[in-house]
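Printed here is input13.pdb (PDB, C-alpha atoms):
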```pdb
ATOM      1  CA  MET Y 100      14.638  74.899  35.600  1.00  0.00           C
ATOM      2  CA  SER Y 101      11.542  72.840  34.877  1.00  0.00           C
ATOM      3  CA  SER Y 102      11.374  69.087  35.354  1.00  0.00           C
ATOM      4  CA  THR Y 103       9.609  66.756  32.937  1.00  0.00           C
ATOM      5  CA  GLU Y 104       7.236  64.179  34.355  1.00  0.00           C
ATOM      6  CA  LYS Y 105       7.119  60.600  33.114  1.00  0.00           C
ATOM      7  CA  VAL Y 106       3.492  59.440  33.084  1.00  0.00           C
ATOM      8  CA  ASP Y 107       2.622  55.762  32.647  1.00  0.00           C
ATOM      9  CA  GLY Y 108       1.169  55.072  29.211  1.00  0.00           C
ATOM     10  CA  PHE Y 109       2.635  58.198  27.619  1.00  0.00           C
ATOM     11  CA  HIS Y 110       5.829  58.644  25.618  1.00  0.00           C
ATOM     12  CA  GLU Y 111       8.723  59.743  27.802  1.00  0.00           C
ATOM     13  CA  ALA Y 112       8.965  62.990  25.834  1.00  0.00           C
ATOM     14  CA  ALA Y 113       5.213  63.721  25.988  1.00  0.00           C
ATOM     15  CA  PHE Y 114       5.587  66.617  28.392  1.00  0.00           C
ATOM     16  CA  THR Y 115       8.795  68.152  27.085  1.00  0.00           C
ATOM     17  CA  ARG Y 116       8.957  71.608  25.472  1.00  0.00           C
ATOM     18  CA  VAL Y 117      10.966  73.327  22.752  1.00  0.00           C
ATOM     19  CA  ASN Y 118      11.711  76.306  25.006  1.00  0.00           C
ATOM     20  CA  ASN Y 119      12.771  75.240  28.479  1.00  0.00           C
ATOM     21  CA  GLU Y 120      13.556  78.773  29.650  1.00  0.00           C
ATOM     22  CA  PRO Y 121      12.079  79.438  33.119  1.00  0.00           C
ATOM     23  CA  ASP Y 122       8.469  80.552  32.752  1.00  0.00           C
ATOM     24  CA  THR Y 123       9.008  83.503  35.059  1.00  0.00           C
ATOM     25  CA  ILE Y 124      11.501  84.879  32.509  1.00  0.00           C
ATOM     26  CA  PHE Y 125       9.601  83.880  29.357  1.00  0.00           C
ATOM     27  CA  TYR Y 126       6.312  85.505  30.373  1.00  0.00           C
ATOM     28  CA  ALA Y 127       7.981  88.569  31.873  1.00  0.00           C
ATOM     29  CA  GLN Y 128       9.062  89.448  28.322  1.00  0.00           C
ATOM     30  CA  ARG Y 129       5.498  89.367  26.971  1.00  0.00           C
ATOM     31  CA  LEU Y 130       2.410  91.480  27.369  1.00  0.00           C
ATOM     32  CA  PRO Y 131       0.242  90.297  30.277  1.00  0.00           C
ATOM     33  CA  ASP Y 132      -2.745  89.321  28.147  1.00  0.00           C
ATOM     34  CA  SER Y 133      -4.788  86.280  27.164  1.00  0.00           C
ATOM     35  CA  LEU Y 134      -4.455  84.523  23.805  1.00  0.00           C
ATOM     36  CA  MET Y 135      -8.235  83.999  23.793  1.00  0.00           C
ATOM     37  CA  ASP Y 136     -10.365  86.327  21.685  1.00  0.00           C
ATOM     38  CA  MET Y 137     -13.271  88.271  23.194  1.00  0.00           C
ATOM     39  CA  GLY Y 138     -15.883  85.684  22.276  1.00  0.00           C
ATOM     40  CA  ALA Y 139     -13.931  82.871  23.888  1.00  0.00           C
ATOM     41  CA  ARG Y 140     -13.421  84.899  27.046  1.00  0.00           C
ATOM     42  CA  THR Y 141     -17.154  85.533  27.209  1.00  0.00           C
ATOM     43  CA  ALA Y 142     -17.829  81.802  26.844  1.00  0.00           C
ATOM     44  CA  VAL Y 143     -15.507  81.017  29.762  1.00  0.00           C
ATOM     45  CA  THR Y 144     -17.232  83.642  31.900  1.00  0.00           C
ATOM     46  CA  ALA Y 145     -20.613  82.095  31.061  1.00  0.00           C
ATOM     47  CA  LEU Y 146     -19.345  78.697  32.207  1.00  0.00           C
ATOM     48  CA  TYR Y 147     -18.025  80.184  35.434  1.00  0.00           C
ATOM     49  CA  GLN Y 148     -21.366  81.886  35.999  1.00  0.00           C
ATOM     50  CA  THR Y 149     -23.055  78.500  36.283  1.00  0.00           C
ATOM     51  CA  SER Y 150     -20.190  76.574  37.919  1.00  0.00           C
ATOM     52  CA  LEU Y 151     -18.543  78.774  40.544  1.00  0.00           C
ATOM     53  CA  PRO Y 152     -19.973  78.495  44.062  1.00  0.00           C
ATOM     54  CA  VAL Y 153     -21.143  81.614  45.876  1.00  0.00           C
ATOM     55  CA  GLY Y 154     -18.610  82.884  48.415  1.00  0.00           C
ATOM     56  CA  GLY Y 155     -15.682  80.799  49.587  1.00  0.00           C
ATOM     57  CA  THR Y 156     -12.067  80.773  48.474  1.00  0.00           C
ATOM     58  CA  VAL Y 157     -11.244  80.520  44.780  1.00  0.00           C
ATOM     59  CA  LEU Y 158      -7.849  79.776  43.234  1.00  0.00           C
ATOM     60  CA  ASP Y 159      -7.111  80.883  39.681  1.00  0.00           C
ATOM     61  CA  LEU Y 160      -4.261  78.522  38.846  1.00  0.00           C
ATOM     62  CA  MET Y 161      -1.696  79.695  36.292  1.00  0.00           C
ATOM     63  CA  ALA Y 162      -3.444  83.041  36.406  1.00  0.00           C
ATOM     64  CA  GLY Y 163      -2.766  85.894  34.033  1.00  0.00           C
ATOM     65  CA  SER Y 164      -4.053  89.418  33.695  1.00  0.00           C
ATOM     66  CA  LEU Y 165      -7.669  88.217  33.285  1.00  0.00           C
ATOM     67  CA  SER Y 166      -9.541  85.618  35.314  1.00  0.00           C
ATOM     68  CA  HIS Y 167     -12.817  85.830  33.348  1.00  0.00           C
ATOM     69  CA  TYR Y 168     -14.904  85.634  36.550  1.00  0.00           C
ATOM     70  CA  PRO Y 169     -18.431  87.106  36.365  1.00  0.00           C
ATOM     71  CA  GLU Y 170     -18.592  90.686  37.619  1.00  0.00           C
ATOM     72  CA  GLU Y 171     -21.400  89.842  40.002  1.00  0.00           C
ATOM     73  CA  ALA Y 172     -19.486  86.941  41.613  1.00  0.00           C
ATOM     74  CA  HIS Y 173     -18.369  87.550  45.182  1.00  0.00           C
ATOM     75  CA  PHE Y 174     -15.846  85.423  47.049  1.00  0.00           C
ATOM     76  CA  GLN Y 175     -14.209  85.440  50.444  1.00  0.00           C
ATOM     77  CA  ASP Y 176     -10.817  85.341  48.720  1.00  0.00           C
ATOM     78  CA  VAL Y 177      -9.687  85.206  45.102  1.00  0.00           C
ATOM     79  CA  ILE Y 178      -6.131  83.878  44.851  1.00  0.00           C
ATOM     80  CA  GLY Y 179      -4.109  84.112  41.668  1.00  0.00           C
ATOM     81  CA  LEU Y 180      -1.067  81.877  41.253  1.00  0.00           C
ATOM     82  CA  GLY Y 181       1.012  82.409  38.130  1.00  0.00           C
ATOM     83  CA  ALA Y 182       4.476  82.782  36.676  1.00  0.00           C
ATOM     84  CA  SER Y 183       4.189  86.440  35.638  1.00  0.00           C
ATOM     85  CA  LYS Y 184       4.211  89.072  38.372  1.00  0.00           C
ATOM     86  CA  ALA Y 185       3.270  91.758  35.837  1.00  0.00           C
ATOM     87  CA  ALA Y 186       0.184  89.820  34.759  1.00  0.00           C
ATOM     88  CA  LEU Y 187      -0.916  89.131  38.323  1.00  0.00           C
ATOM     89  CA  ASP Y 188      -0.433  92.772  39.292  1.00  0.00           C
ATOM     90  CA  THR Y 189      -2.757  93.931  36.500  1.00  0.00           C
ATOM     91  CA  ASN Y 190      -5.494  91.369  37.260  1.00  0.00           C
ATOM     92  CA  PRO Y 191      -8.252  93.424  38.932  1.00  0.00           C
ATOM     93  CA  VAL Y 192     -10.182  90.606  40.628  1.00  0.00           C
ATOM     94  CA  LEU Y 193      -7.341  89.055  42.610  1.00  0.00           C
ATOM     95  CA  LYS Y 194      -7.144  89.678  46.347  1.00  0.00           C
ATOM     96  CA  THR Y 195      -4.078  87.481  46.896  1.00  0.00           C
ATOM     97  CA  ARG Y 196      -1.230  87.104  44.393  1.00  0.00           C
ATOM     98  CA  ILE Y 197       1.407  84.355  44.374  1.00  0.00           C
ATOM     99  CA  VAL Y 198       4.235  84.258  41.842  1.00  0.00           C
ATOM    100  CA  GLN Y 199       5.183  80.631  41.234  1.00  0.00           C
ATOM    101  CA  ASP Y 200       6.427  78.666  38.230  1.00  0.00           C
ATOM    102  CA  LEU Y 201       4.615  75.334  38.560  1.00  0.00           C
ATOM    103  CA  ASN Y 202       7.076  73.685  36.184  1.00  0.00           C
ATOM    104  CA  ALA Y 203       9.902  74.511  38.585  1.00  0.00           C
ATOM    105  CA  ASP Y 204       7.891  73.930  41.772  1.00  0.00           C
ATOM    106  CA  PRO Y 205       4.618  72.009  41.322  1.00  0.00           C
ATOM    107  CA  ILE Y 206       3.728  71.912  45.035  1.00  0.00           C
ATOM    108  CA  LEU Y 207       0.840  74.254  45.844  1.00  0.00           C
ATOM    109  CA  PRO Y 208       1.360  76.454  48.939  1.00  0.00           C
ATOM    110  CA  PHE Y 209      -2.003  75.673  50.537  1.00  0.00           C
ATOM    111  CA  GLU Y 210      -3.307  73.450  53.317  1.00  0.00           C
ATOM    112  CA  ASP Y 211      -5.208  70.253  52.595  1.00  0.00           C
ATOM    113  CA  ASP Y 212      -8.951  70.725  51.939  1.00  0.00           C
ATOM    114  CA  SER Y 213      -8.668  74.521  52.054  1.00  0.00           C
ATOM    115  CA  LEU Y 214     -10.078  75.740  48.705  1.00  0.00           C
ATOM    116  CA  ASP Y 215     -13.655  75.729  47.446  1.00  0.00           C
ATOM    117  CA  VAL Y 216     -12.896  75.801  43.727  1.00  0.00           C
ATOM    118  CA  ILE Y 217      -9.922  75.960  41.348  1.00  0.00           C
ATOM    119  CA  THR Y 218     -10.014  77.368  37.818  1.00  0.00           C
ATOM    120  CA  LEU Y 219      -7.310  76.660  35.243  1.00  0.00           C
ATOM    121  CA  CYS Y 220      -7.824  78.635  32.054  1.00  0.00           C
ATOM    122  CA  ASP Y 221      -5.493  78.248  29.073  1.00  0.00           C
ATOM    123  CA  GLY Y 222      -2.683  76.869  31.200  1.00  0.00           C
ATOM    124  CA  ILE Y 223      -2.711  73.101  31.167  1.00  0.00           C
ATOM    125  CA  ALA Y 224      -0.988  72.989  27.751  1.00  0.00           C
ATOM    126  CA  TYR Y 225       2.200  74.270  29.384  1.00  0.00           C
ATOM    127  CA  LEU Y 226       2.535  71.914  32.355  1.00  0.00           C
ATOM    128  CA  THR Y 227       5.599  69.675  32.214  1.00  0.00           C
ATOM    129  CA  GLN Y 228       4.479  67.905  35.407  1.00  0.00           C
ATOM    130  CA  PRO Y 229       0.707  67.839  34.870  1.00  0.00           C
ATOM    131  CA  LEU Y 230      -0.124  64.825  37.005  1.00  0.00           C
ATOM    132  CA  THR Y 231       1.769  66.216  39.997  1.00  0.00           C
ATOM    133  CA  VAL Y 232       0.048  69.598  39.681  1.00  0.00           C
ATOM    134  CA  LEU Y 233      -3.399  68.048  39.310  1.00  0.00           C
ATOM    135  CA  THR Y 234      -2.780  65.750  42.276  1.00  0.00           C
ATOM    136  CA  GLU Y 235      -1.836  68.839  44.273  1.00  0.00           C
ATOM    137  CA  ALA Y 236      -5.049  70.536  43.129  1.00  0.00           C
ATOM    138  CA  LEU Y 237      -7.010  67.555  44.404  1.00  0.00           C
ATOM    139  CA  ARG Y 238      -5.218  67.732  47.749  1.00  0.00           C
ATOM    140  CA  VAL Y 239      -6.010  71.377  48.428  1.00  0.00           C
ATOM    141  CA  LEU Y 240      -9.649  71.282  47.294  1.00  0.00           C
ATOM    142  CA  LYS Y 241     -12.441  70.645  49.764  1.00  0.00           C
ATOM    143  CA  GLU Y 242     -14.523  67.524  49.254  1.00  0.00           C
ATOM    144  CA  GLY Y 243     -16.871  68.010  46.316  1.00  0.00           C
ATOM    145  CA  GLY Y 244     -14.942  71.057  45.148  1.00  0.00           C
ATOM    146  CA  PRO Y 245     -14.562  71.458  41.373  1.00  0.00           C
ATOM    147  CA  LEU Y 246     -11.498  71.964  39.222  1.00  0.00           C
ATOM    148  CA  ILE Y 247     -12.605  73.774  36.065  1.00  0.00           C
ATOM    149  CA  VAL Y 248     -10.151  73.429  33.172  1.00  0.00           C
ATOM    150  CA  THR Y 249     -10.801  75.525  30.068  1.00  0.00           C
ATOM    151  CA  PHE Y 250      -8.757  76.110  26.938  1.00  0.00           C
ATOM    152  CA  SER Y 251      -8.985  77.280  23.348  1.00  0.00           C
ATOM    153  CA  ASP Y 252      -7.006  76.239  20.280  1.00  0.00           C
ATOM    154  CA  GLN Y 253      -4.525  79.091  20.779  1.00  0.00           C
ATOM    155  CA  PHE Y 254      -1.245  78.530  22.626  1.00  0.00           C
ATOM    156  CA  HIS Y 255       2.408  79.549  22.732  1.00  0.00           C
ATOM    157  CA  GLN Y 256       4.107  76.928  20.550  1.00  0.00           C
ATOM    158  CA  GLN Y 257       7.482  77.468  22.231  1.00  0.00           C
ATOM    159  CA  LYS Y 258       6.022  76.577  25.609  1.00  0.00           C
ATOM    160  CA  ALA Y 259       3.253  74.051  24.977  1.00  0.00           C
ATOM    161  CA  VAL Y 260       4.317  70.470  25.689  1.00  0.00           C
ATOM    162  CA  ALA Y 261       4.904  68.037  22.815  1.00  0.00           C
ATOM    163  CA  MET Y 262       1.841  65.906  23.562  1.00  0.00           C
ATOM    164  CA  TRP Y 263      -0.466  68.923  23.418  1.00  0.00           C
ATOM    165  CA  GLN Y 264       0.891  70.023  20.067  1.00  0.00           C
ATOM    166  CA  ALA Y 265       0.711  66.521  18.590  1.00  0.00           C
ATOM    167  CA  LEU Y 266      -3.000  66.078  19.339  1.00  0.00           C
ATOM    168  CA  GLU Y 267      -5.979  67.316  17.364  1.00  0.00           C
ATOM    169  CA  PRO Y 268      -7.974  69.967  19.266  1.00  0.00           C
ATOM    170  CA  GLU Y 269     -10.844  67.622  20.155  1.00  0.00           C
ATOM    171  CA  ASP Y 270      -8.394  65.032  21.506  1.00  0.00           C
ATOM    172  CA  ARG Y 271      -6.881  67.515  23.956  1.00  0.00           C
ATOM    173  CA  ALA Y 272     -10.052  67.371  26.052  1.00  0.00           C
ATOM    174  CA  ARG Y 273      -9.624  63.596  26.204  1.00  0.00           C
ATOM    175  CA  LEU Y 274      -6.035  64.051  27.393  1.00  0.00           C
ATOM    176  CA  VAL Y 275      -7.176  66.426  30.136  1.00  0.00           C
ATOM    177  CA  SER Y 276      -9.876  63.958  31.204  1.00  0.00           C
ATOM    178  CA  ILE Y 277      -7.320  61.155  31.430  1.00  0.00           C
ATOM    179  CA  LEU Y 278      -4.982  63.276  33.538  1.00  0.00           C
ATOM    180  CA  LEU Y 279      -7.785  64.402  35.878  1.00  0.00           C
ATOM    181  CA  SER Y 280      -8.935  60.826  36.310  1.00  0.00           C
ATOM    182  CA  ARG Y 281      -5.365  59.657  37.019  1.00  0.00           C
ATOM    183  CA  ALA Y 282      -5.026  62.414  39.637  1.00  0.00           C
ATOM    184  CA  GLY Y 283      -8.147  61.157  41.422  1.00  0.00           C
ATOM    185  CA  PHE Y 284     -10.874  63.510  40.228  1.00  0.00           C
ATOM    186  CA  ALA Y 285     -14.387  62.143  39.764  1.00  0.00           C
ATOM    187  CA  GLU Y 286     -17.682  63.188  38.137  1.00  0.00           C
ATOM    188  CA  LEU Y 287     -15.817  64.338  35.038  1.00  0.00           C
ATOM    189  CA  ASP Y 288     -17.817  66.469  32.632  1.00  0.00           C
ATOM    190  CA  THR Y 289     -16.647  67.764  29.250  1.00  0.00           C
ATOM    191  CA  GLY Y 290     -18.073  70.223  26.777  1.00  0.00           C
ATOM    192  CA  GLU Y 291     -17.240  72.728  24.076  1.00  0.00           C
ATOM    193  CA  VAL Y 292     -18.650  75.956  22.700  1.00  0.00           C
ATOM    194  CA  VAL Y 293     -18.155  76.610  18.987  1.00  0.00           C
ATOM    195  CA  PRO Y 294     -18.268  80.252  17.809  1.00  0.00           C
ATOM    196  CA  PRO Y 295     -21.266  81.242  15.656  1.00  0.00           C
ATOM    197  CA  GLU Y 296     -20.463  81.670  11.974  1.00  0.00           C
ATOM    198  CA  ASP Y 297     -21.909  85.189  11.883  1.00  0.00           C
ATOM    199  CA  LEU Y 298     -19.798  86.500  14.784  1.00  0.00           C
ATOM    200  CA  THR Y 299     -16.397  87.363  13.336  1.00  0.00           C
ATOM    201  CA  ALA Y 300     -15.001  88.656  16.646  1.00  0.00           C
ATOM    202  CA  TRP Y 301     -15.198  85.125  18.023  1.00  0.00           C
ATOM    203  CA  ARG Y 302     -13.115  82.463  16.288  1.00  0.00           C
ATOM    204  CA  ASP Y 303     -11.781  80.288  19.108  1.00  0.00           C
ATOM    205  CA  THR Y 304     -13.630  77.133  20.111  1.00  0.00           C
ATOM    206  CA  VAL Y 305     -13.641  76.830  23.892  1.00  0.00           C
ATOM    207  CA  ARG Y 306     -13.317  73.412  25.496  1.00  0.00           C
ATOM    208  CA  ALA Y 307     -13.874  72.609  29.154  1.00  0.00           C
ATOM    209  CA  VAL Y 308     -13.264  69.657  31.451  1.00  0.00           C
ATOM    210  CA  VAL Y 309     -14.618  69.777  34.996  1.00  0.00           C
ATOM    211  CA  GLY Y 310     -13.722  67.297  37.730  1.00  0.00           C
ATOM    212  CA  ARG Y 311     -14.634  67.170  41.400  1.00  0.00           C
ATOM    213  CA  LYS Y 312     -12.785  65.982  44.468  1.00  0.00           C
ATOM    214  CA  PRO Y 313     -14.587  62.836  45.651  1.00  0.00           C
ATOM    215  CA  ARG Y 314     -16.423  62.925  48.938  1.00  0.00           C
ATOM    216  CA  ALA Y 315     -15.245  60.507  51.584  1.00  0.00           C
TER     217      ALA Y 315
END
```
Could you write out this structure as structure tokens?
Amino acid sequence: MSSTEKVDGFHEAAFTRVNNEPDTIFYAQRLPDSLMDMGARTAVTALYQTSLPVGGTVLDLMAGSLSHYPEEAHFQDVIGLGASKAALDTNPVLKTRIVQDLNADPILPFEDDSLDVITLCDGIAYLTQPLTVLTEALRVLKEGGPLIVTFSDQFHQQKAVAMWQALEPEDRARLVSILLSRAGFAELDTGEVVPPEDLTAWRDTVRAVVGRKPRA
């Protein structure tokens, strides 16, 4: 059963959901695929191409069947942590797979300062304890390591938290920035990629917020 976090400055119901069924059950009943269209996936890959460090250990947080990492990227370890075993099992880039519902257990199973980078694609909308999870992400990252949060306008309405659904799309990036800052991330950078009008296969605007663990 998921717990709902109370965050200072937000309504007490901000991170509640319509469907509070365990995520491991909810996503097991659905196809292990991304809600992003092909154009949006390509945009995320392009961002990763310029942001992911060479080598090292990468964590795809709330991973699904696709991680969108560039084909030419090589890492010491690629860890996928997500609620759906079926999705993780079909993800071809993962070397290590961990099934964990972060809304039931938000504590990451990694040592302090052990990861070089964390990606979180199309997942932050569903976190009922976002500040705890982001604080955990900060803990396990090495100094200077980035957390790359990306999302489109598509989401499961039954599972997205109330605050996410109440906001306009452009304001969701502001929410993510506030949460990253509260968790202790620095050097925040935001951006968006809007699909070209003449490319009908790409309709989803992609938004990104990147924060880094401060150096001591």
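For the pair atom CA of Y:Arg116 and atom CA of Y:Arg271, the separation is 16.4 Å.
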What lies within 10 Å of Y:Glu235 using only C-alpha atoms, ignoring chain neighbours under 3 positions off, as a VMD selection string? chain Y and resid 205 to 209 211 229 to 232 238 to 240 282
Could you tell me which residues the PyMOL selection byres ((chain Y and resi 226) around 12) grabs in this file, written as an mmCIF file with C-alpha atoms, keeping the file's coordinate frame?
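The result, written out as expr-v6.cif:
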```cif
data_model
loop_
_atom_site.group_PDB
_atom_site.id
_atom_site.type_symbol
_atom_site.label_atom_id
_atom_site.label_comp_id
_atom_site.auth_asym_id
_atom_site.auth_seq_id
_atom_site.Cartn_x
_atom_site.Cartn_y
_atom_site.Cartn_z
ATOM 1 C CA SER Y 101 11.542 72.840 34.877
ATOM 2 C CA SER Y 102 11.374 69.087 35.354
ATOM 3 C CA THR Y 103 9.609 66.756 32.937
ATOM 4 C CA GLU Y 104 7.236 64.179 34.355
ATOM 5 C CA ALA Y 113 5.213 63.721 25.988
ATOM 6 C CA PHE Y 114 5.587 66.617 28.392
ATOM 7 C CA THR Y 115 8.795 68.152 27.085
ATOM 8 C CA ARG Y 116 8.957 71.608 25.472
ATOM 9 C CA ASN Y 119 12.771 75.240 28.479
ATOM 10 C CA ASP Y 122 8.469 80.552 32.752
ATOM 11 C CA LEU Y 160 -4.261 78.522 38.846
ATOM 12 C CA MET Y 161 -1.696 79.695 36.292
ATOM 13 C CA ALA Y 182 4.476 82.782 36.676
ATOM 14 C CA ASP Y 200 6.427 78.666 38.230
ATOM 15 C CA LEU Y 201 4.615 75.334 38.560
ATOM 16 C CA ASN Y 202 7.076 73.685 36.184
ATOM 17 C CA ALA Y 203 9.902 74.511 38.585
ATOM 18 C CA ASP Y 204 7.891 73.930 41.772
ATOM 19 C CA PRO Y 205 4.618 72.009 41.322
ATOM 20 C CA LEU Y 219 -7.310 76.660 35.243
ATOM 21 C CA ASP Y 221 -5.493 78.248 29.073
ATOM 22 C CA GLY Y 222 -2.683 76.869 31.200
ATOM 23 C CA ILE Y 223 -2.711 73.101 31.167
ATOM 24 C CA ALA Y 224 -0.988 72.989 27.751
ATOM 25 C CA TYR Y 225 2.200 74.270 29.384
ATOM 26 C CA THR Y 227 5.599 69.675 32.214
ATOM 27 C CA GLN Y 228 4.479 67.905 35.407
ATOM 28 C CA PRO Y 229 0.707 67.839 34.870
ATOM 29 C CA LEU Y 230 -0.124 64.825 37.005
ATOM 30 C CA THR Y 231 1.769 66.216 39.997
ATOM 31 C CA VAL Y 232 0.048 69.598 39.681
ATOM 32 C CA LEU Y 233 -3.399 68.048 39.310
ATOM 33 C CA LYS Y 258 6.022 76.577 25.609
ATOM 34 C CA ALA Y 259 3.253 74.051 24.977
ATOM 35 C CA VAL Y 260 4.317 70.470 25.689
ATOM 36 C CA ALA Y 261 4.904 68.037 22.815
ATOM 37 C CA MET Y 262 1.841 65.906 23.562
ATOM 38 C CA TRP Y 263 -0.466 68.923 23.418
ATOM 39 C CA VAL Y 275 -7.176 66.426 30.136
ATOM 40 C CA LEU Y 278 -4.982 63.276 33.538
#
```
Expanded to explicit residues, what is the PyMOL selection byres ((chain Y and resi 190) around 12) for this file, as a list in words?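 Against this file, the PyMOL selection byres ((chain Y and resi 190) around 12) returns the residues Pro131, Asp132, Ser133, Asp159, Ala162, Gly163, Ser164, Leu165, Ser166, His167, Tyr168, Val177, Ile178, Gly179, Leu180, Gly181, Ser183, Lys184, Ala185, Ala186, Leu187, Asp188, Thr189, Pro191, Val192, Leu193, Lys194, Thr195 and Arg196 of chain Y.
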Measuring between only C-alpha atoms, which one of Y:Ile124, Y:Ile197, Y:Glu171, Y:Ala265 shows the shortest distance to Y:Ala112?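 With only C-alpha atoms as the atom set, the closest residue is Y:Ala265.
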In terms of the shortest atom-to-atom distance over only C-alpha atoms, which of Y:Gln256, Y:Ile247, Y:Pro295, Y:Gly290 is closest to Y:Val309?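 Looking at the shortest contact to Y:Val309, the residue is Y:Ile247.
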Resolved residues for the PyMOL selection byres ((chain Y and resi 284) around 10) as a list in words: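 Output of the PyMOL selection byres ((chain Y and resi 284) around 10): Leu233, Thr234, Ala236, Leu237, Gly243, Gly244, Pro245, Leu246, Ser276, Ile277, Leu278, Leu279, Ser280, Arg281, Ala282, Gly283, Ala285, Glu286, Leu287, Val309, Gly310, Arg311, Lys312 and Pro313 of chain Y.
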Let's have the selection written as a compact mmCIF listing (two decimals), keeping the file's coordinate frame, with C-alpha atoms.
```
# COMPACT_ATOMS: atom_id res chain seq x y z
CA LEU Y 233 -3.40 68.05 39.31
CA THR Y 234 -2.78 65.75 42.28
CA ALA Y 236 -5.05 70.54 43.13
CA LEU Y 237 -7.01 67.56 44.40
CA GLY Y 243 -16.87 68.01 46.32
CA GLY Y 244 -14.94 71.06 45.15
CA PRO Y 245 -14.56 71.46 41.37
CA LEU Y 246 -11.50 71.96 39.22
CA SER Y 276 -9.88 63.96 31.20
CA ILE Y 277 -7.32 61.16 31.43
CA LEU Y 278 -4.98 63.28 33.54
CA LEU Y 279 -7.78 64.40 35.88
CA SER Y 280 -8.94 60.83 36.31
CA ARG Y 281 -5.36 59.66 37.02
CA ALA Y 282 -5.03 62.41 39.64
CA GLY Y 283 -8.15 61.16 41.42
CA ALA Y 285 -14.39 62.14 39.76
CA GLU Y 286 -17.68 63.19 38.14
CA LEU Y 287 -15.82 64.34 35.04
CA VAL Y 309 -14.62 69.78 35.00
CA GLY Y 310 -13.72 67.30 37.73
CA ARG Y 311 -14.63 67.17 41.40
CA LYS Y 312 -12.78 65.98 44.47
CA PRO Y 313 -14.59 62.84 45.65
```
Counting all atoms listed in the file, figure out which residue out of Y:Arg306, Y:Arg314, Y:Arg140, Y:His110 gets nearest to Y:Asp288.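 Once distances to Y:Asp288 are computed over all atoms listed in the file, the minimum belongs to Y:Arg306.
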One decimal, Å: what's the distance from atom CA of Y:Thr289 over to atom CA of Y:Thr149, could you say?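 Atom-to-atom, atom CA of Y:Thr289 and atom CA of Y:Thr149 are spaced 14.3 Å apart.
Of note, atom CA of Y:Pro268 and atom CA of Y:Val293 are spaced 12.2 Å apart.
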My list of candidates is Y:Val198, Y:Lys241, Y:Glu269, Y:Val117. Which is closest to Y:Glu210 when distances are computed with only C-alpha atoms? Y:Lys241
Padding of 4 Å on every side, edges along x, y and z, all listed atoms of stretch 100-118 of chain Y included: what centre and edge lengths in Å, to one decimal, does that box have, as AutoDock Vina command-line options?
```
--center_x 7.9 --center_y 65.7 --center_z 29.2 --size_x 21.5 --size_y 29.2 --size_z 20.8
```
Residue nearest Y:Asp303 - candidates Y:Asp107, Y:Asp215, Y:Glu291, Y:Asp252, atoms counted: all atoms listed in the file: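 Ranking Y:Asp107, Y:Asp215, Y:Glu291, Y:Asp252 by distance to Y:Asp303, first place goes to Y:Asp252.
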